[in-house]
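J.: Structure file input_30.cif (mmCIF, C-alpha atoms, pLDDT in the B column; chains and numbers go by the auth columns) is given on the next line.
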data_query
loop_
_atom_site.group_PDB
_atom_site.id
_atom_site.type_symbol
_atom_site.label_atom_id
_atom_site.label_comp_id
_atom_site.label_asym_id
_atom_site.label_seq_id
_atom_site.Cartn_x
_atom_site.Cartn_y
_atom_site.Cartn_z
_atom_site.B_iso_or_equiv
_atom_site.auth_seq_id
_atom_site.auth_asym_id
ATOM 1 C CA MET A 1 0.552 -26.788 31.327 41.00 92 X
ATOM 2 C CA GLN A 2 1.216 -25.676 27.761 44.00 93 X
ATOM 3 C CA THR A 3 -0.940 -23.221 25.918 44.00 94 X
ATOM 4 C CA SER A 4 -1.125 -23.455 22.165 44.00 95 X
ATOM 5 C CA LYS A 5 -1.346 -20.541 19.762 45.00 96 X
ATOM 6 C CA LYS A 6 -3.359 -20.889 16.593 44.00 97 X
ATOM 7 C CA PHE A 7 -1.543 -19.705 13.507 42.00 98 X
ATOM 8 C CA VAL A 8 -3.214 -18.423 10.354 44.00 99 X
ATOM 9 C CA ASN A 9 -1.053 -17.629 7.322 44.00 100 X
ATOM 10 C CA GLY A 10 2.070 -17.941 9.489 45.00 101 X
ATOM 11 C CA LYS A 11 0.868 -15.353 12.022 44.00 102 X
ATOM 12 C CA SER A 12 -0.580 -15.924 15.461 43.00 103 X
ATOM 13 C CA ASN A 13 -4.124 -14.748 16.053 43.00 104 X
ATOM 14 C CA GLU A 14 -3.254 -12.976 19.297 44.00 105 X
ATOM 15 C CA LYS A 15 -4.214 -9.323 19.427 45.00 106 X
ATOM 16 C CA GLN A 16 -1.593 -6.589 19.241 46.00 107 X
ATOM 17 C CA LYS A 17 -0.299 -5.530 22.632 50.00 108 X
ATOM 18 C CA SER A 18 -2.016 -2.461 23.933 54.00 109 X
ATOM 19 C CA THR A 19 -0.161 0.056 26.060 53.00 110 X
ATOM 20 C CA ASP A 20 -1.600 -1.585 29.193 60.00 111 X
ATOM 21 C CA ASP A 21 -0.005 -4.934 28.284 69.00 112 X
ATOM 22 C CA LEU A 22 3.542 -3.562 28.024 78.00 113 X
ATOM 23 C CA ARG A 23 5.922 -4.459 30.815 80.00 114 X
ATOM 24 C CA ILE A 24 8.113 -1.682 32.157 78.00 115 X
ATOM 25 C CA ASN A 25 11.196 -1.497 34.384 79.00 116 X
ATOM 26 C CA GLU A 26 11.041 -4.124 37.182 79.00 117 X
ATOM 27 C CA LYS A 27 8.085 -5.945 35.604 80.00 118 X
ATOM 28 C CA ILE A 28 10.422 -7.256 32.898 80.00 119 X
ATOM 29 C CA THR A 29 11.364 -10.740 34.095 79.00 120 X
ATOM 30 C CA LEU A 30 13.865 -12.227 31.648 80.00 121 X
ATOM 31 C CA PRO A 31 17.568 -11.870 32.543 83.00 122 X
ATOM 32 C CA PHE A 32 18.746 -10.401 29.210 86.00 123 X
ATOM 33 C CA VAL A 33 17.153 -7.894 26.835 86.00 124 X
ATOM 34 C CA ARG A 34 17.960 -6.418 23.425 87.00 125 X
ATOM 35 C CA LEU A 35 18.135 -2.675 24.088 85.00 126 X
ATOM 36 C CA ILE A 36 17.102 0.161 21.792 86.00 127 X
ATOM 37 C CA ASP A 37 18.250 3.525 23.112 84.00 128 X
ATOM 38 C CA GLU A 38 16.249 6.774 23.282 83.00 129 X
ATOM 39 C CA LYS A 39 17.341 7.747 19.746 83.00 130 X
ATOM 40 C CA GLY A 40 15.993 4.500 18.257 82.00 131 X
ATOM 41 C CA VAL A 41 19.438 2.986 17.702 84.00 132 X
ATOM 42 C CA GLN A 42 20.022 -0.632 18.687 85.00 133 X
ATOM 43 C CA ALA A 43 22.494 -0.605 21.606 83.00 134 X
ATOM 44 C CA GLY A 44 22.953 -4.377 21.912 86.00 135 X
ATOM 45 C CA ILE A 45 22.132 -7.076 24.420 87.00 136 X
ATOM 46 C CA PHE A 46 22.237 -6.051 28.102 85.00 137 X
ATOM 47 C CA SER A 47 21.342 -7.713 31.346 86.00 138 X
ATOM 48 C CA ARG A 48 17.967 -6.609 32.678 83.00 139 X
ATOM 49 C CA HIS A 49 19.548 -4.916 35.677 85.00 140 X
ATOM 50 C CA ASP A 50 22.070 -2.958 33.545 86.00 141 X
ATOM 51 C CA ALA A 51 19.326 -1.835 31.146 85.00 142 X
ATOM 52 C CA ILE A 52 17.103 -0.612 34.009 86.00 143 X
ATOM 53 C CA THR A 53 20.074 1.216 35.564 87.00 144 X
ATOM 54 C CA ARG A 54 20.887 2.857 32.236 86.00 145 X
ATOM 55 C CA ALA A 55 17.253 3.945 31.830 85.00 146 X
ATOM 56 C CA LYS A 56 17.094 5.464 35.328 87.00 147 X
ATOM 57 C CA THR A 57 20.345 7.420 34.876 88.00 148 X
ATOM 58 C CA ILE A 58 18.885 9.044 31.752 86.00 149 X
ATOM 59 C CA GLY A 59 15.520 9.588 33.485 86.00 150 X
ATOM 60 C CA LEU A 60 13.526 7.285 31.219 87.00 151 X
ATOM 61 C CA ASP A 61 11.730 3.944 31.515 84.00 152 X
ATOM 62 C CA LEU A 62 12.703 0.567 30.094 84.00 153 X
ATOM 63 C CA VAL A 63 9.691 -0.669 28.098 86.00 154 X
ATOM 64 C CA GLU A 64 9.397 -4.179 26.651 85.00 155 X
ATOM 65 C CA ILE A 65 8.325 -3.642 23.036 83.00 156 X
ATOM 66 C CA SER A 66 8.392 -7.235 21.793 80.00 157 X
ATOM 67 C CA SER A 67 8.411 -10.235 24.081 78.00 158 X
ATOM 68 C CA SER A 68 8.506 -12.722 21.191 79.00 159 X
ATOM 69 C CA GLY A 69 12.167 -12.071 20.371 78.00 160 X
ATOM 70 C CA ASN A 70 15.037 -13.975 21.912 83.00 161 X
ATOM 71 C CA PRO A 71 16.046 -11.982 23.960 83.00 162 X
ATOM 72 C CA PRO A 72 12.988 -9.679 24.170 84.00 163 X
ATOM 73 C CA VAL A 73 13.297 -6.202 22.651 87.00 164 X
ATOM 74 C CA CYS A 74 13.167 -3.291 25.099 86.00 165 X
ATOM 75 C CA LYS A 75 13.323 0.436 24.431 87.00 166 X
ATOM 76 C CA LEU A 76 14.317 3.432 26.532 89.00 167 X
ATOM 77 C CA MET A 77 11.447 5.936 26.517 87.00 168 X
ATOM 78 C CA ASP A 78 9.272 8.155 28.653 87.00 169 X
ATOM 79 C CA TYR A 79 6.412 5.735 29.280 86.00 170 X
ATOM 80 C CA GLY A 80 3.947 8.419 30.397 87.00 171 X
ATOM 81 C CA LYS A 81 4.539 10.432 27.227 89.00 172 X
ATOM 82 C CA PHE A 82 4.240 7.250 25.150 86.00 173 X
ATOM 83 C CA LYS A 83 0.847 6.367 26.691 89.00 174 X
ATOM 84 C CA TYR A 84 -0.357 9.945 26.165 91.00 175 X
ATOM 85 C CA ARG A 85 0.603 9.864 22.467 90.00 176 X
ATOM 86 C CA GLN A 86 -1.079 6.487 21.974 88.00 177 X
ATOM 87 C CA LYS A 87 -4.251 7.813 23.591 91.00 178 X
ATOM 88 C CA ARG A 88 -4.170 10.900 21.341 91.00 179 X
ATOM 89 C CA LYS A 89 -3.665 8.711 18.270 89.00 180 X
ATOM 90 C CA VAL A 90 -6.735 6.635 19.178 89.00 181 X
ATOM 91 C CA MET A 91 -8.781 9.792 19.774 87.00 182 X
ATOM 92 C CA LYS A 92 -7.739 11.223 16.378 86.00 183 X
ATOM 93 C CA SER A 93 -8.667 8.025 14.569 84.00 184 X
ATOM 94 C CA LYS A 94 -12.081 8.012 16.273 80.00 185 X
ATOM 95 C CA LYS A 95 -12.616 11.630 15.264 77.00 186 X
ATOM 96 C CA LYS A 96 -11.972 10.799 11.597 73.00 187 X
ATOM 97 C CA GLN A 97 -14.484 7.943 11.536 71.00 188 X
ATOM 98 C CA ILE A 98 -17.652 8.589 9.611 67.00 189 X
ATOM 99 C CA LEU A 99 -20.730 6.923 11.007 65.00 190 X
ATOM 100 C CA LEU A 100 -23.101 5.903 8.283 68.00 191 X
ATOM 101 C CA ASN A 101 -26.760 6.168 9.091 79.00 192 X
ATOM 102 C CA MET A 102 -27.961 3.342 6.927 86.00 193 X
ATOM 103 C CA LYS A 103 -31.080 1.245 7.181 89.00 194 X
ATOM 104 C CA GLU A 104 -31.934 -1.821 5.167 91.00 195 X
ATOM 105 C CA VAL A 105 -35.413 -2.858 4.095 93.00 196 X
ATOM 106 C CA LYS A 106 -35.805 -6.334 2.644 93.00 197 X
ATOM 107 C CA PHE A 107 -38.450 -7.473 0.200 92.00 198 X
ATOM 108 C CA ARG A 108 -39.244 -10.777 -1.475 91.00 199 X
ATOM 109 C CA PRO A 109 -40.699 -11.208 -4.966 89.00 200 X
ATOM 110 C CA LYS A 110 -43.845 -12.638 -3.359 87.00 201 X
ATOM 111 C CA THR A 111 -44.346 -9.708 -0.943 86.00 202 X
ATOM 112 C CA GLU A 112 -48.039 -8.854 -0.897 90.00 203 X
ATOM 113 C CA LYS A 113 -49.408 -5.389 -1.701 89.00 204 X
ATOM 114 C CA HIS A 114 -50.209 -4.365 1.900 92.00 205 X
ATOM 115 C CA ASP A 115 -46.792 -5.479 3.198 92.00 206 X
ATOM 116 C CA LEU A 116 -45.144 -3.675 0.306 91.00 207 X
ATOM 117 C CA GLU A 117 -46.999 -0.435 1.151 92.00 208 X
ATOM 118 C CA PHE A 118 -46.094 -0.787 4.825 93.00 209 X
ATOM 119 C CA LYS A 119 -42.397 -1.272 4.066 93.00 210 X
ATOM 120 C CA ILE A 120 -42.384 1.634 1.606 92.00 211 X
ATOM 121 C CA LYS A 121 -43.889 3.803 4.356 93.00 212 X
ATOM 122 C CA ASN A 122 -40.967 2.789 6.602 93.00 213 X
ATOM 123 C CA VAL A 123 -38.470 3.633 3.841 92.00 214 X
ATOM 124 C CA LYS A 124 -40.063 7.087 3.507 92.00 215 X
ATOM 125 C CA LYS A 125 -39.767 7.577 7.275 92.00 216 X
ATOM 126 C CA PHE A 126 -36.050 6.638 7.210 91.00 217 X
ATOM 127 C CA LEU A 127 -35.403 8.971 4.287 90.00 218 X
ATOM 128 C CA GLN A 128 -37.126 11.831 6.101 90.00 219 X
ATOM 129 C CA GLN A 129 -34.785 11.178 9.033 89.00 220 X
ATOM 130 C CA LYS A 130 -31.871 11.781 6.591 88.00 221 X
ATOM 131 C CA LYS A 131 -30.745 8.152 6.633 89.00 222 X
ATOM 132 C CA ARG A 132 -29.509 6.175 3.679 90.00 223 X
ATOM 133 C CA VAL A 133 -31.630 3.180 2.815 91.00 224 X
ATOM 134 C CA LYS A 134 -30.522 -0.051 1.223 92.00 225 X
ATOM 135 C CA VAL A 135 -33.449 -1.741 -0.495 93.00 226 X
ATOM 136 C CA SER A 136 -32.911 -5.465 -1.032 93.00 227 X
ATOM 137 C CA ILE A 137 -35.072 -7.920 -2.887 93.00 228 X
ATOM 138 C CA ILE A 138 -34.089 -11.375 -1.741 93.00 229 X
ATOM 139 C CA PHE A 139 -34.569 -14.405 -3.961 92.00 230 X
ATOM 140 C CA LYS A 140 -34.678 -17.755 -2.154 91.00 231 X
ATOM 141 C CA GLY A 141 -34.274 -21.102 -3.824 88.00 232 X
ATOM 142 C CA ARG A 142 -35.721 -21.214 -7.320 88.00 233 X
ATOM 143 C CA GLU A 143 -37.067 -17.656 -7.071 86.00 234 X
ATOM 144 C CA ILE A 144 -33.754 -16.564 -8.643 87.00 235 X
ATOM 145 C CA ILE A 145 -35.298 -17.486 -12.009 87.00 236 X
ATOM 146 C CA TYR A 146 -37.785 -14.625 -11.586 82.00 237 X
ATOM 147 C CA THR A 147 -35.369 -11.713 -11.314 87.00 238 X
ATOM 148 C CA GLU A 148 -37.526 -9.796 -13.793 89.00 239 X
ATOM 149 C CA ILE A 149 -40.340 -9.724 -11.224 89.00 240 X
ATOM 150 C CA GLY A 150 -37.865 -8.337 -8.696 88.00 241 X
ATOM 151 C CA LYS A 151 -36.663 -5.666 -11.121 89.00 242 X
ATOM 152 C CA GLN A 152 -40.245 -4.627 -11.879 91.00 243 X
ATOM 153 C CA MET A 153 -40.990 -4.513 -8.167 91.00 244 X
ATOM 154 C CA LEU A 154 -37.915 -2.332 -7.597 90.00 245 X
ATOM 155 C CA GLU A 155 -39.014 0.065 -10.348 90.00 246 X
ATOM 156 C CA ASN A 156 -42.430 0.399 -8.675 90.00 247 X
ATOM 157 C CA ILE A 157 -40.742 1.122 -5.340 90.00 248 X
ATOM 158 C CA LEU A 158 -38.553 3.800 -6.956 90.00 249 X
ATOM 159 C CA ILE A 159 -41.603 5.444 -8.537 91.00 250 X
ATOM 160 C CA GLU A 160 -43.229 5.639 -5.078 90.00 251 X
ATOM 161 C CA LEU A 161 -40.072 7.134 -3.554 89.00 252 X
ATOM 162 C CA LYS A 162 -39.036 9.546 -6.347 89.00 253 X
ATOM 163 C CA GLU A 163 -39.818 12.686 -4.285 90.00 254 X
ATOM 164 C CA TYR A 164 -38.090 11.356 -1.142 88.00 255 X
ATOM 165 C CA ALA A 165 -34.897 9.788 -2.503 88.00 256 X
ATOM 166 C CA THR A 166 -32.336 9.727 -5.237 89.00 257 X
ATOM 167 C CA VAL A 167 -30.545 6.591 -6.381 89.00 258 X
ATOM 168 C CA ASP A 168 -26.969 6.457 -5.075 86.00 259 X
ATOM 169 C CA SER A 169 -25.992 3.219 -6.761 85.00 260 X
ATOM 170 C CA PRO A 170 -27.947 1.544 -9.552 86.00 261 X
ATOM 171 C CA PRO A 171 -29.679 -1.810 -9.003 89.00 262 X
ATOM 172 C CA LYS A 172 -27.260 -4.713 -9.022 90.00 263 X
ATOM 173 C CA MET A 173 -27.284 -8.384 -8.176 90.00 264 X
ATOM 174 C CA GLU A 174 -25.247 -9.383 -5.117 88.00 265 X
ATOM 175 C CA GLY A 175 -25.483 -13.130 -4.934 89.00 266 X
ATOM 176 C CA LYS A 176 -29.197 -13.903 -4.614 90.00 267 X
ATOM 177 C CA GLN A 177 -30.156 -10.322 -3.786 91.00 268 X
ATOM 178 C CA LEU A 178 -31.106 -7.410 -5.989 91.00 269 X
ATOM 179 C CA VAL A 179 -29.798 -4.339 -4.160 93.00 270 X
ATOM 180 C CA ILE A 180 -30.172 -0.593 -4.628 92.00 271 X
ATOM 181 C CA LEU A 181 -28.897 2.217 -2.394 91.00 272 X
ATOM 182 C CA LEU A 182 -31.063 5.309 -1.854 90.00 273 X
ATOM 183 C CA ILE A 183 -30.029 8.635 -0.366 90.00 274 X
ATOM 184 C CA PRO A 184 -32.467 11.263 0.894 88.00 275 X
ATOM 185 C CA THR A 185 -33.109 14.309 -1.295 84.00 276 X
ATOM 186 C CA VAL A 186 -32.027 17.529 0.393 70.00 277 X
#
Using the file provided, produce a representation of the structure as structure tokens.
T.:
Amino acid sequence: MQTSKKFVNGKSNEKQKSTDDLRINEKITLPFVRLIDEKGVQAGIFSRHDAITRAKTIGLDLVEISSSGNPPVCKLMDYGKFKYRQKRKVMKSKKKQILLNMKEVKFRPKTEKHDLEFKIKNVKKFLQQKKRVKVSIIFKGREIIYTEIGKQMLENILIELKEYATVDSPPKMEGKQLVILLIPTV
């Protein structure tokens, strides 16, 4: 049974191999491998058995880096140290991520007064919780003709929220939406 890979822009859509997917030592099945030594220098093509023997004499592991090559590319390395470094790299990248506390409140040009007041109350609550708020006025169908109504509505909303928020980005049209980003005042 053949499995087909889907290619987009000349590249397969398979995910990158994680450290758990790598084959090491006896798990490598093909008879010949292209060997990269511990210094990162290409040593040549070796039989699988010779490459594993060479790795064990040095005290390292034979790790299959790329199985797509012909023959597959294998490297001599300390697999435990390699996994540890990969784990540390992932932890560092997670530490650097900034989580944005952003909420979005959507309005329509035909939003009635009570609904408008209710949604503004929610925006105030989000701003008091120190969250950014994206206020969107969505125009559907032919409502796009009445962007002036949306702009006037947005100005009224900003007047209501002037003591709770400052404008981070000015109002702008994104497709059929009029969008403004508010940040809480400190």
J.: As an exercise, work out the distance from atom CA of X:Leu121 to atom CA of X:Tyr175 in Å and give it to one decimal place.
T.: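 Atom CA of X:Tyr175 lies at a distance of 26.9 Å from atom CA of X:Leu121.
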J.: Please list as a ChimeraX atom specification every residue within 12 Å of stretch 162-167 of chain X, counting only C-alpha atoms and excluding residues in the same chain fewer than 2 positions away.
T.: /X:113-116,118-139,142-160,169-170,173
J.: Translate the PyMOL selection byres ((chain X and resi 248) around 10), as applied to the file shown, into an explicit residue set as number ranges by chain.
T.: X: 207-208, 210-211, 214, 226, 242-247, 249-253
J.: Please give the centre and size of the box around stretch 114-129 of chain X (axis-aligned, containing every atom listed in the file, 3 Å added per side), with values in Å to one decimal and written as lines of an AutoDock Vina configuration file.
T.:
center_x = 12.3
center_y = -2.7
center_z = 29.5
size_x = 18.8
size_y = 25.0
size_z = 21.4
J.: Looking at X:Phe230, X:Lys183, X:Arg176, X:Val196, which one is nearest to X:Asn213, with distances taken over only C-alpha atoms?
T.: X:Val196
